[in-house]
Structures are given as structure tokens and as C-alpha cells.
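Please read the structure below before turning to the comments.
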Amino acid sequence: MKRIFDIILCVFTIIILFLPIIFVAFLVKLTSSGPVLYWSSRVGRNNVLFRMPKFRTMRVGSPEVASNLLPNPFCHMTLIGPFLRASSFDELPQLWSILIGDMSFVGPRPALFNQHELISLRDQCGVSELLPGLTGLAQINGRDELPIQDKVNYDTEYLQERSFWFDIAILWRTLLRVVSRSGVSH
């Protein structure tokens with residue numbers, strides 16, 4: 001049921017957002033050198049690595065770490081990078097990952113391959129059995145502002161409580177947070 005819902009919602013979202021996706025791709029190409037998409041190595045279900053696309057917000061050659069770990073992430077960002085992140089437009093290419101089954105709309109956010117503490121804690125709680133999501137319980141409860149243990153606690157709560165209606169509630173709250181731009185760090 002969840003996979004069918006993901007596919008239907010993904011196709012619908014791509015149709016609705018097709019022109020904005022093309023426009024953002026054009027802006028990324030126009031305002032910085034390098035590829036439009038950044039393909040990040042992420043940890044998926046059962047700790048299998050997959051390549052996750054995002055619109056590129058960082059300059060080519062920037063360190064491959066979570067940007068909140070950089071001393072001054074703005075010096076690595078492209079001209080429109082801060083706007084893309086604040087609006088969450090940089091996440092739109094992940095619809096591809098949902099369509100091909102590497103991700104779901106709702107689940108724990110996929111960890112970077114080098115976020116060893118997060119990966120280890122998720123393993124201990126059984127969260128690694130879940131398909132990673134475009135959004136999740138941690139995203140609507142603090143997003144980038146949360147310490148790792150709090151993220152894992154929310155991921156574990158999602159694992160225990162997951163249901164179709166819980167996913168719908170998380171998607172709704174995500175939409176409200178994206179519109180208000182709350183909880184986003186650069």
C-alpha cells in the first residue's frame with residue numbers, strides 16, 4: 001500500500017511541479033558552474049548505499065559533509081543555494097529516488113555515508129530496516145536543529161507508530177513547515 005501511494009503521489013507531484021523543477025534547474029545552471037544535480041552517497045534501507053540527487057546548492061569541490069558541520073557553510077554555497085535550501089526546492093530531484101524505490105515520501109531522512117554515529121544508533125534501534133524518506137517525524141520536529149540522539153528517537157517512534165494516516169499527518173505537517181521555512185539551517 002505504501003509503495004503504491006508513493007508512486008501515485010510522486011507522479012502527481014512531478015506533474016504539478018514540472019515547470020518549477022525545470023525553472024530551478026535552469027537557475028542552478030545559470031548561476032554557477034558545474035552540474036545542475038548533486039548526487040550524494042546516502043544510506044538506504046538495511047544500510048545499502050544509494051545515490052540521491054539534489055539540486056546543487058554548494059560549489060563544486062565543497063567538502064562532502066553535512067553543511068551544519070562546516071564552520072561557515074555560506075562560503076561554500078552557490079548564489080541561489082541559500083534560497084533553494086530555505087525553500088526546500090533543492091530536495092525536488094529526490095522525487096526520482098522515490099519513483100525508483102530508493103526512498104519513500106515518509107521515513108527517516110537518509111544519512112550521509114559518513115554519518116557513522118547516526119547510522120550506528122539507527123541500527124541499534126532497528127530503524128535501518130525502514131526505507132528512508134523525503135520527510136519524516138524528525139523533520140517536522142526540528143529538522144536540522146535536532147541533536148543526533150533526538151533524530152534517532154523520532155525515527156524509532158516512527159518505526160513503532162507507522163501507518164498510512166501517520167504518514168499523511170507527517171506530510172501535512174511537512175508542508176506547513178516548508179511554507180513557514182521553520183527548522184532549516186544552511
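Following the order of the C-alpha cells, chains are lettered A, B, ..., residues in each are numbered from 1, and ligands are numbered from 1.
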
DSSP says strand (DSSP E or B) for which residues of segment 50-170 of chain A? Put them as a list in words?
->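 Listing strand (DSSP E or B) positions across segment 50-170 of chain A yields Phe50, Arg51, Met52, Pro53, Lys54, Phe55, Met58, Met77, Ser104, Phe105, Val106, Ala111, Leu112, Gly133, Leu134 and Thr135 of chain A.
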
Leaving out Asp102 of chain A and any residue of its chain fewer than 2 positions from it, which residues lie within 12 Å of it when counting only C-alpha atoms, given as a PyMOL selection string?
-> chain A and resi 3+6-7+41-53+94-100+104-105+107+109-110+130-134

Between atom CA of Lys2 of chain A and atom CA of Asp155 of chain A, distance in Å (one decimal) |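 Computing the Euclidean distance for atom CA of Lys2 of chain A and atom CA of Asp155 of chain A yields 17.2 Å.
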
Where does DSSP see alpha helix (DSSP H) in segment 137-171 of chain A, if you list the residues as an mmCIF file with N, CA and C atoms, in the first residue's frame?
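Result saved to result-v5.cif:
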```
data_model
loop_
_atom_site.group_PDB
_atom_site.id
_atom_site.type_symbol
_atom_site.label_atom_id
_atom_site.label_comp_id
_atom_site.auth_asym_id
_atom_site.auth_seq_id
_atom_site.Cartn_x
_atom_site.Cartn_y
_atom_site.Cartn_z
ATOM 1 N N ILE A 148 21.655 14.412 17.208
ATOM 2 C CA ILE A 148 21.539 13.084 16.590
ATOM 3 C C ILE A 148 20.647 12.153 17.406
ATOM 4 N N GLN A 149 20.821 12.113 18.714
ATOM 5 C CA GLN A 149 20.023 11.198 19.535
ATOM 6 C C GLN A 149 18.526 11.510 19.434
ATOM 7 N N ASP A 150 18.187 12.798 19.374
ATOM 8 C CA ASP A 150 16.777 13.169 19.225
ATOM 9 C C ASP A 150 16.235 12.711 17.874
ATOM 10 N N LYS A 151 17.032 12.850 16.811
ATOM 11 C CA LYS A 151 16.602 12.367 15.492
ATOM 12 C C LYS A 151 16.310 10.869 15.547
ATOM 13 N N VAL A 152 17.221 10.132 16.171
ATOM 14 C CA VAL A 152 17.050 8.680 16.270
ATOM 15 C C VAL A 152 15.814 8.343 17.102
ATOM 16 N N ASN A 153 15.567 9.096 18.165
ATOM 17 C CA ASN A 153 14.366 8.865 18.966
ATOM 18 C C ASN A 153 13.105 9.067 18.129
ATOM 19 N N TYR A 154 13.073 10.125 17.317
ATOM 20 C CA TYR A 154 11.914 10.347 16.441
ATOM 21 C C TYR A 154 11.809 9.252 15.375
ATOM 22 N N ASP A 155 12.960 8.833 14.831
ATOM 23 C CA ASP A 155 12.956 7.751 13.835
ATOM 24 C C ASP A 155 12.409 6.458 14.446
ATOM 25 N N THR A 156 12.794 6.196 15.696
ATOM 26 C CA THR A 156 12.324 5.000 16.394
ATOM 27 C C THR A 156 10.824 5.085 16.670
ATOM 28 N N GLU A 157 10.371 6.267 17.053
ATOM 29 C CA GLU A 157 8.938 6.460 17.263
ATOM 30 C C GLU A 157 8.177 6.210 15.966
ATOM 31 N N TYR A 158 8.719 6.703 14.854
ATOM 32 C CA TYR A 158 8.075 6.470 13.556
ATOM 33 C C TYR A 158 8.018 4.967 13.249
ATOM 34 N N LEU A 159 9.116 4.273 13.493
ATOM 35 C CA LEU A 159 9.168 2.826 13.261
ATOM 36 C C LEU A 159 8.049 2.114 14.019
ATOM 37 N N GLN A 160 7.821 2.524 15.240
ATOM 38 C CA GLN A 160 6.828 1.868 16.093
ATOM 39 C C GLN A 160 5.389 2.286 15.763
ATOM 40 N N GLU A 161 5.198 3.500 15.298
ATOM 41 C CA GLU A 161 3.843 4.041 15.097
ATOM 42 C C GLU A 161 3.399 4.114 13.638
ATOM 43 N N PHE A 164 -0.556 4.452 7.487
ATOM 44 C CA PHE A 164 -0.927 5.329 6.380
ATOM 45 C C PHE A 164 -1.327 6.710 6.895
ATOM 46 N N TRP A 165 -2.171 6.749 7.926
ATOM 47 C CA TRP A 165 -2.662 8.039 8.431
ATOM 48 C C TRP A 165 -1.564 8.826 9.150
ATOM 49 N N PHE A 166 -0.634 8.131 9.772
ATOM 50 C CA PHE A 166 0.502 8.796 10.395
ATOM 51 C C PHE A 166 1.358 9.450 9.304
ATOM 52 N N ASP A 167 1.566 8.748 8.181
ATOM 53 C CA ASP A 167 2.306 9.325 7.049
ATOM 54 C C ASP A 167 1.597 10.566 6.508
ATOM 55 N N ILE A 168 0.271 10.504 6.384
ATOM 56 C CA ILE A 168 -0.494 11.655 5.893
ATOM 57 C C ILE A 168 -0.311 12.840 6.835
ATOM 58 N N ALA A 169 -0.370 12.595 8.133
ATOM 59 C CA ALA A 169 -0.183 13.676 9.115
ATOM 60 C C ALA A 169 1.222 14.271 9.007
ATOM 61 N N ILE A 170 2.230 13.431 8.818
ATOM 62 C CA ILE A 170 3.610 13.916 8.679
ATOM 63 C C ILE A 170 3.762 14.730 7.394
ATOM 64 N N LEU A 171 3.167 14.256 6.310
ATOM 65 C CA LEU A 171 3.229 15.012 5.052
ATOM 66 C C LEU A 171 2.566 16.386 5.205
#
```

A:Ser40, A:Asn114, A:Thr135, A:Gln124: which is nearest Ser88 of chain A, counting only C-alpha atoms?
->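 Looking only at the distances to Ser88 of chain A, the closest residue turns out to be A:Thr135.
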
Within 12 Å of Pro147 of chain A using only C-alpha atoms, minus same-chain residues under 5 positions, as number ranges by chain | A: 68, 117-118, 138-139, 141-142, 152-154

For N, CA and C atoms, I'd like the residues from the last selection saved as a short mmCIF file (atom, residue, chain, number, x, y, z; two decimals), in the first residue's frame.
```cif
data_model
loop_
_atom_site.label_atom_id
_atom_site.label_comp_id
_atom_site.auth_asym_id
_atom_site.auth_seq_id
_atom_site.Cartn_x
_atom_site.Cartn_y
_atom_site.Cartn_z
N ASN A 68 25.76 21.64 8.20
CA ASN A 68 25.75 22.22 9.54
C ASN A 68 27.04 21.91 10.31
N GLU A 117 27.87 7.85 13.52
CA GLU A 117 27.13 7.80 14.78
C GLU A 117 25.63 7.63 14.52
N LEU A 118 25.09 8.42 13.59
CA LEU A 118 23.67 8.32 13.26
C LEU A 118 23.33 6.93 12.73
N ALA A 138 11.31 13.38 12.43
CA ALA A 138 12.36 14.30 12.91
C ALA A 138 12.30 15.64 12.16
N GLN A 139 11.97 15.61 10.88
CA GLN A 139 11.92 16.84 10.10
C GLN A 139 10.82 17.77 10.58
N ASN A 141 9.80 17.95 13.59
CA ASN A 141 10.01 18.26 15.00
C ASN A 141 11.35 18.93 15.26
N GLY A 142 11.90 19.57 14.25
CA GLY A 142 13.14 20.29 14.47
C GLY A 142 14.11 20.29 13.31
N VAL A 152 17.22 10.13 16.17
CA VAL A 152 17.05 8.68 16.27
C VAL A 152 15.81 8.34 17.10
N ASN A 153 15.57 9.10 18.17
CA ASN A 153 14.37 8.86 18.97
C ASN A 153 13.10 9.07 18.13
N TYR A 154 13.07 10.12 17.32
CA TYR A 154 11.91 10.35 16.44
C TYR A 154 11.81 9.25 15.38
#
```

Do a neighbour search on segment 21-30 of chain A at 10 Å with only C-alpha atoms, toss out local chain neighbours closer than 3 positions, and write the hits as a list in words.
->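 In the requested form, the answer reads Ile14, Ile15, Ile16, Leu17, Phe18, Ser33, Gly34, Pro35, Val36, Leu37, Phe55, Arg56, Thr57, Thr78, Leu79, Ile80, Gly81, Leu84, Phe89, Asp90, Leu92 and Pro93 of chain A.
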
What gap, in Å, lies between atom CA of Leu146 of chain A and atom CA of Met77 of chain A?
->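 A separation of 22.1 Å between them.
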
Which value, in Å to one decimal, gives the distance between atom CA of Gly101 of chain A and atom CA of Ser163 of chain A?
->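 Going from atom CA of Gly101 of chain A over to atom CA of Ser163 of chain A covers 18.3 Å.
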